[in-house]
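Text of final-v9.cif (mmCIF, C-alpha atoms) as supplied:
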```
data_upload
#
loop_
_atom_site.label_atom_id
_atom_site.label_comp_id
_atom_site.auth_asym_id
_atom_site.auth_seq_id
_atom_site.Cartn_x
_atom_site.Cartn_y
_atom_site.Cartn_z
CA MET A 235 120.91 24.68 105.77
CA PRO A 236 121.52 26.70 102.59
CA ASN A 237 118.39 27.37 100.60
CA PRO A 238 118.51 25.12 97.49
CA GLY A 239 115.44 26.74 95.96
CA SER A 240 112.03 25.27 95.35
CA ALA A 241 111.58 21.70 94.13
CA PRO A 242 108.69 19.43 93.28
CA SER A 243 107.34 17.39 96.17
CA TYR A 244 109.60 14.39 96.66
CA HIS A 245 109.62 11.62 99.20
CA ILE A 246 112.92 10.95 100.96
CA ALA A 247 112.98 7.52 99.26
CA TRP A 248 113.31 9.34 95.92
CA ALA A 249 116.35 11.22 97.19
CA PHE A 250 117.79 7.98 98.58
CA TYR A 251 117.68 6.13 95.24
CA ILE A 252 118.90 9.14 93.25
CA HIS A 253 121.74 9.67 95.71
CA SER A 254 122.69 5.98 95.40
CA THR A 255 123.62 6.54 91.72
CA ARG A 256 126.56 8.64 92.98
CA ILE A 257 125.33 11.65 91.03
CA TYR A 258 126.23 13.84 94.00
CA ASP A 259 129.80 12.50 94.17
CA VAL A 260 130.31 12.90 90.43
CA TRP A 261 129.13 16.51 90.31
CA LYS A 262 131.16 17.41 93.40
CA ALA A 263 134.25 16.17 91.59
CA VAL A 264 133.27 18.12 88.46
CA PHE A 265 132.74 21.31 90.44
CA ARG A 266 136.01 20.81 92.31
CA SER A 267 137.76 20.74 88.93
CA TYR A 268 135.71 23.77 87.81
CA ILE A 269 136.99 25.96 90.66
CA THR A 270 140.62 24.76 90.61
CA SER A 271 141.48 24.15 86.93
CA ASN A 272 140.19 24.03 83.38
CA ASP A 273 141.29 20.45 82.81
CA LEU A 274 137.74 19.10 82.64
CA ILE A 275 135.59 22.07 81.69
CA SER A 276 136.25 25.63 80.51
CA LEU A 277 133.48 28.22 80.77
CA THR A 278 134.10 31.69 79.40
CA PRO A 279 132.74 34.77 81.25
CA VAL A 280 130.60 35.99 78.33
CA GLY A 281 129.80 33.07 76.05
CA ASP A 282 129.09 30.71 78.93
CA ALA A 283 127.59 33.23 81.34
CA VAL A 284 124.44 31.14 81.82
CA TYR A 285 126.39 28.05 82.85
CA ASN A 286 128.77 30.05 85.00
CA LYS A 287 125.78 31.43 86.89
CA LYS A 288 124.29 27.96 87.36
CA PHE A 289 127.59 26.57 88.59
CA LEU A 290 128.24 29.46 90.97
CA ASN A 291 124.72 29.12 92.41
CA LEU A 292 125.26 25.40 93.02
CA LEU A 293 128.71 25.75 94.60
CA PRO A 294 127.47 26.64 98.12
CA LEU A 295 125.06 23.70 97.98
CA LEU A 296 127.70 21.17 96.96
CA PHE A 297 130.28 22.63 99.36
CA PRO A 298 128.20 24.19 102.16
CA ALA A 299 129.95 26.10 104.94
CA PRO A 300 129.11 24.95 108.49
CA LYS A 301 126.62 27.26 110.18
CA PHE A 302 126.55 25.66 113.61
CA ASN A 303 129.13 23.95 115.80
CA VAL A 304 127.33 20.63 115.34
CA HIS A 305 128.29 20.74 111.65
CA ASN A 306 131.93 20.59 112.69
CA PHE A 307 131.30 16.98 113.72
CA TYR A 308 129.13 16.01 110.73
CA SER A 309 128.81 17.63 107.32
CA TYR A 310 125.42 17.95 105.63
CA GLU A 311 125.61 14.58 103.89
CA PRO A 312 125.61 12.47 107.10
CA TYR A 313 122.41 14.24 108.15
CA PHE A 314 120.86 12.93 104.95
CA TYR A 315 121.96 9.40 105.91
CA ASN A 316 120.46 10.02 109.34
CA ALA A 317 117.11 11.10 107.87
CA VAL A 318 117.01 8.10 105.51
CA HIS A 319 117.78 5.78 108.40
CA ARG A 320 115.05 7.29 110.59
CA VAL A 321 112.34 7.18 107.92
CA LEU A 322 113.28 4.06 105.94
CA GLY A 323 115.58 2.11 108.24
CA TYR A 324 118.25 2.04 105.51
CA TYR A 325 121.99 2.70 105.80
CA ALA A 326 122.43 0.21 108.64
CA ASN A 327 125.93 -0.60 107.35
CA SER A 328 128.57 0.70 109.75
CA ILE A 329 130.71 2.14 106.92
CA TYR A 330 128.33 5.10 106.77
CA LYS A 331 129.30 7.57 109.47
CA PHE A 332 126.29 9.52 110.64
CA PRO A 333 124.51 10.36 113.91
CA ARG A 334 122.24 7.46 114.83
CA SER A 335 118.77 7.65 116.33
CA ARG A 336 117.45 4.90 118.58
CA ASN A 337 113.96 5.61 117.22
CA TYR A 338 113.54 4.80 113.52
CA PHE A 339 111.15 2.94 111.23
CA SER A 340 112.83 -0.43 111.80
CA SER A 341 110.01 -2.50 110.26
CA PHE A 342 109.77 -0.49 107.04
CA PHE A 343 111.66 -2.95 104.84
CA SER A 344 109.55 -5.96 105.86
CA LYS A 345 106.31 -3.96 105.47
CA GLN A 346 107.40 -2.69 102.06
CA GLU A 347 108.15 -6.24 100.90
CA ALA A 348 104.79 -7.47 102.20
CA LEU A 349 102.98 -4.61 100.41
CA PHE A 350 104.70 -5.25 97.08
CA GLU A 351 104.10 -8.99 97.35
CA SER A 352 100.39 -8.49 98.08
CA ILE A 353 99.95 -6.04 95.22
CA ALA A 354 101.86 -8.34 92.84
CA ARG A 355 99.56 -11.23 93.71
CA ALA A 356 96.55 -8.99 93.12
CA ILE A 357 97.84 -7.97 89.68
CA TYR A 358 98.83 -11.51 88.72
CA THR A 359 95.45 -13.03 89.53
CA LYS A 360 93.09 -10.19 88.63
CA ASP A 361 91.88 -11.95 85.43
CA TRP A 362 91.60 -15.43 86.93
CA ASN A 363 88.02 -16.63 87.29
CA TYR A 364 88.71 -19.69 89.40
CA MET A 365 91.09 -18.18 91.96
CA LYS A 366 91.98 -14.69 93.07
CA ILE A 367 94.82 -14.38 95.57
CA ILE A 368 93.96 -10.93 96.88
CA ASP A 369 93.32 -9.63 100.35
CA VAL A 370 92.36 -5.97 100.14
CA GLY A 371 92.06 -5.79 103.90
CA SER A 372 95.67 -6.90 104.33
CA ILE A 373 96.90 -4.40 101.72
CA ALA A 374 94.97 -1.61 103.44
CA GLU A 375 96.45 -2.55 106.82
CA ILE A 376 100.03 -2.67 105.52
CA ALA A 377 99.66 0.64 103.66
CA SER A 378 98.21 2.22 106.79
CA ASP A 379 101.11 0.91 108.88
CA ILE A 380 103.64 2.33 106.42
CA GLN A 381 101.80 5.65 106.43
CA SER A 382 101.92 5.76 110.24
CA GLY A 383 105.61 4.88 110.21
CA PHE A 384 106.38 7.69 107.78
CA LEU A 385 104.41 10.17 109.88
CA GLU A 386 105.99 9.11 113.17
CA ASN A 387 109.53 9.39 111.82
CA THR A 388 109.26 12.53 109.68
CA THR A 389 109.95 14.78 112.65
CA ASN A 390 112.28 17.58 113.72
CA THR A 391 114.54 18.38 110.74
CA VAL A 392 113.75 15.34 108.55
CA TYR A 393 111.36 17.30 106.34
CA GLU A 394 113.88 20.12 105.82
CA VAL A 395 116.68 17.63 105.06
CA THR A 396 114.44 15.90 102.52
CA GLN A 397 113.54 19.18 100.83
CA TYR A 398 117.19 20.28 100.75
CA TRP A 399 118.50 17.08 99.16
CA SER A 400 115.54 16.67 96.81
CA ALA A 401 116.00 20.20 95.48
CA LEU A 402 119.78 19.80 95.13
CA LEU A 403 119.56 16.40 93.44
CA SER A 404 116.85 17.59 91.05
CA GLN A 405 119.16 20.45 89.98
CA LEU A 406 122.03 18.01 89.40
CA ILE A 407 119.72 15.85 87.28
CA ALA A 408 118.78 18.95 85.29
CA LEU A 409 122.46 19.51 84.50
CA LEU A 410 122.73 15.94 83.21
CA GLU A 411 119.63 16.46 81.07
CA ASP A 412 121.17 19.55 79.45
CA ASP A 413 122.37 17.99 76.18
CA VAL A 414 124.24 21.13 75.11
CA LEU A 415 126.24 21.28 78.33
CA ILE A 416 127.03 17.57 78.38
CA ARG A 417 127.87 17.37 74.66
CA ASP A 418 129.72 20.64 74.07
CA LYS A 419 131.51 21.03 77.40
CA PHE A 420 132.20 17.42 78.36
CA GLY A 421 132.23 15.71 74.94
CA ILE A 422 129.62 13.15 75.97
CA VAL A 423 127.12 12.21 73.25
CA THR A 424 124.29 10.00 74.49
CA GLN A 425 120.62 10.43 75.32
CA SER A 426 120.46 8.23 78.41
CA ILE A 427 120.80 10.12 81.68
CA ALA A 428 122.38 7.03 83.25
CA ASP A 429 124.95 6.69 80.46
CA LYS A 430 125.79 10.38 80.78
CA LEU A 431 126.41 9.92 84.49
CA ILE A 432 128.54 6.81 83.95
CA LEU A 433 130.70 8.54 81.31
CA LEU A 434 131.01 11.73 83.35
CA GLY A 435 131.96 9.66 86.39
CA ALA A 436 134.70 7.97 84.36
CA LYS A 437 136.17 11.39 83.54
CA VAL A 438 136.53 12.22 87.25
CA GLY A 439 137.53 8.74 88.41
CA ILE A 440 134.26 7.81 90.12
CA GLN A 441 132.65 4.45 89.37
CA VAL A 442 128.92 4.89 88.87
CA PRO A 443 126.69 1.83 89.45
CA ARG A 444 125.92 0.08 86.16
CA ASP A 445 122.27 -0.23 87.15
CA SER A 446 121.86 3.53 87.51
CA LEU A 447 119.11 3.64 84.87
CA TYR A 448 117.12 1.21 87.00
CA ARG A 449 117.75 3.35 90.08
CA PHE A 450 116.55 6.54 88.36
CA ASP A 451 113.39 4.74 87.20
CA LEU A 452 112.83 3.10 90.59
CA ALA A 453 113.21 6.45 92.35
CA ASN A 454 110.34 7.96 90.35
CA LYS A 455 108.04 4.97 90.78
CA ILE A 456 108.73 4.66 94.51
CA ASN A 457 108.20 8.39 94.91
CA ASP A 458 104.73 8.28 93.33
CA LEU A 459 103.71 5.26 95.37
CA PHE A 460 104.96 6.53 98.72
CA LEU A 461 103.44 9.99 98.24
CA LEU A 462 100.13 8.27 97.52
CA ILE A 463 100.50 6.11 100.63
CA GLU A 464 101.14 9.22 102.72
CA LYS A 465 98.10 11.19 101.58
CA GLU A 466 95.42 8.45 101.20
CA THR A 467 93.11 7.20 103.94
CA TRP A 468 93.65 3.46 103.64
CA ASN A 469 90.63 1.19 103.86
CA VAL A 470 89.07 -1.51 101.68
CA ASN A 471 87.49 1.03 99.32
CA ALA A 472 90.78 2.88 98.84
CA VAL A 473 92.59 -0.37 97.96
CA ASN A 474 89.84 -1.44 95.55
CA ASN A 475 90.09 1.93 93.80
CA LEU A 476 93.84 1.54 93.62
CA LEU A 477 93.65 -1.93 92.12
CA ARG A 478 90.83 -1.00 89.74
CA ASP A 479 92.78 1.82 88.07
CA GLU A 480 95.16 0.17 85.58
CA ASN A 481 96.98 3.49 85.09
CA ASN A 482 98.43 2.96 88.55
CA TRP A 483 100.27 -0.15 87.35
CA LYS A 484 101.77 1.79 84.47
CA VAL A 485 103.01 4.42 86.91
CA PHE A 486 104.10 2.24 89.81
CA PHE A 487 105.18 -0.97 88.10
#
```
Structure re-expressed in structure tokens:
Amino acid sequence: MPNPGSAPSYHIAWAFYIHSTRIYDVWKAVFRSYITSNDLISLTPVGDAVYNKKFLNLLPLLFPAPKFNVHNFYSYEPYFYNAVHRVLGYYANSIYKFPRSRNYFSSFFSKQEALFESIARAIYTKDWNYMKIIDVGSIAEIASDIQSGFLENTTNTVYEVTQYWSALLSQLIALLEDDVLIRDKFGIVTQSIADKLILLGAKVGIQVPRDSLYRFDLANKINDLFLLIEKETWNVNAVNNLLRDENNWKVFF
């Protein structure tokens, strides 16, 4: 795969939720216009040299050339779907065309729901004196199961695919966060990254999900939680420490 440069440590779930905003589709359409016309954006060689350099560096990542014969059957994006499916069990819908693996974390969704439900009960009842609905042993077991599932399915090229898409998506987010670029070159005046994406998508004929702000926020919270699950040794003490620190609820929930 092309080298997208370094990126902060992201879990593949972060890339999944960011990708679901259609940020990748929108910027591909923008860059396609950039290289074929000046209908949407016009960058001059001198005055806009910084942006020209950024765009030219991103072009091979958004439109990568196949390096192996296997890429003639699937482009890079289906391998992302494949990695998400293997690690999270998502993208089961047949409309997504990607190479399937018989081995994947099929129970992830149910374990994730059970974990969130158990943590929610713990938060909801933590100040009740007469009843506390909390089972730290159960939370520790579920977290440990999720951790094992992540480890067992992050194999072969999954890690490299995750790093590639995380780095690429983080660079596309950085373009959206560049107020000068978005305001002066695209005529979009708003502070919300989700609103910027929605308005930019409208310019290129791509419908961005209206709940994109929620997806951006969820991606960051899920990322922090899943990275913690991956690195912690889960037992009763670890869960008690997690529940005791109220900063965790500000970060995760």
Have a look at CA of Gly371 in chain A and CA of Ser341 in chain A and let me know their distance in Å, one decimal.
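One can read the CA of Gly371 in chain A to CA of Ser341 in chain A distance as 19.3 Å.
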Given only C-alpha atoms as the basis, pick out the residue of A:Ile353, A:Ala317, A:Ile275, A:Ile463 nearest to Trp399 in chain A.
A:Ala317
Hey, which of A:Leu274, A:Ile269, A:Ile252, A:Leu322 ends up closest to Gly383 in chain A? Count all atoms listed in the file.
A:Leu322
Applying 10 Å and only C-alpha atoms, which residues near range 411-428 of chain A remain after dropping the ones on its own chain fewer than 3 positions away? List them as JSON, numbers by chain.
{"A": [255, 257, 274, 275, 276, 277, 282, 285, 405, 406, 407, 408, 431, 432, 433, 434, 437, 442, 443, 444, 445, 446, 447, 448, 449, 450]}
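Between CA of Ala472 in chain A and CA of Gln397 in chain A the separation is 28.1 Å.
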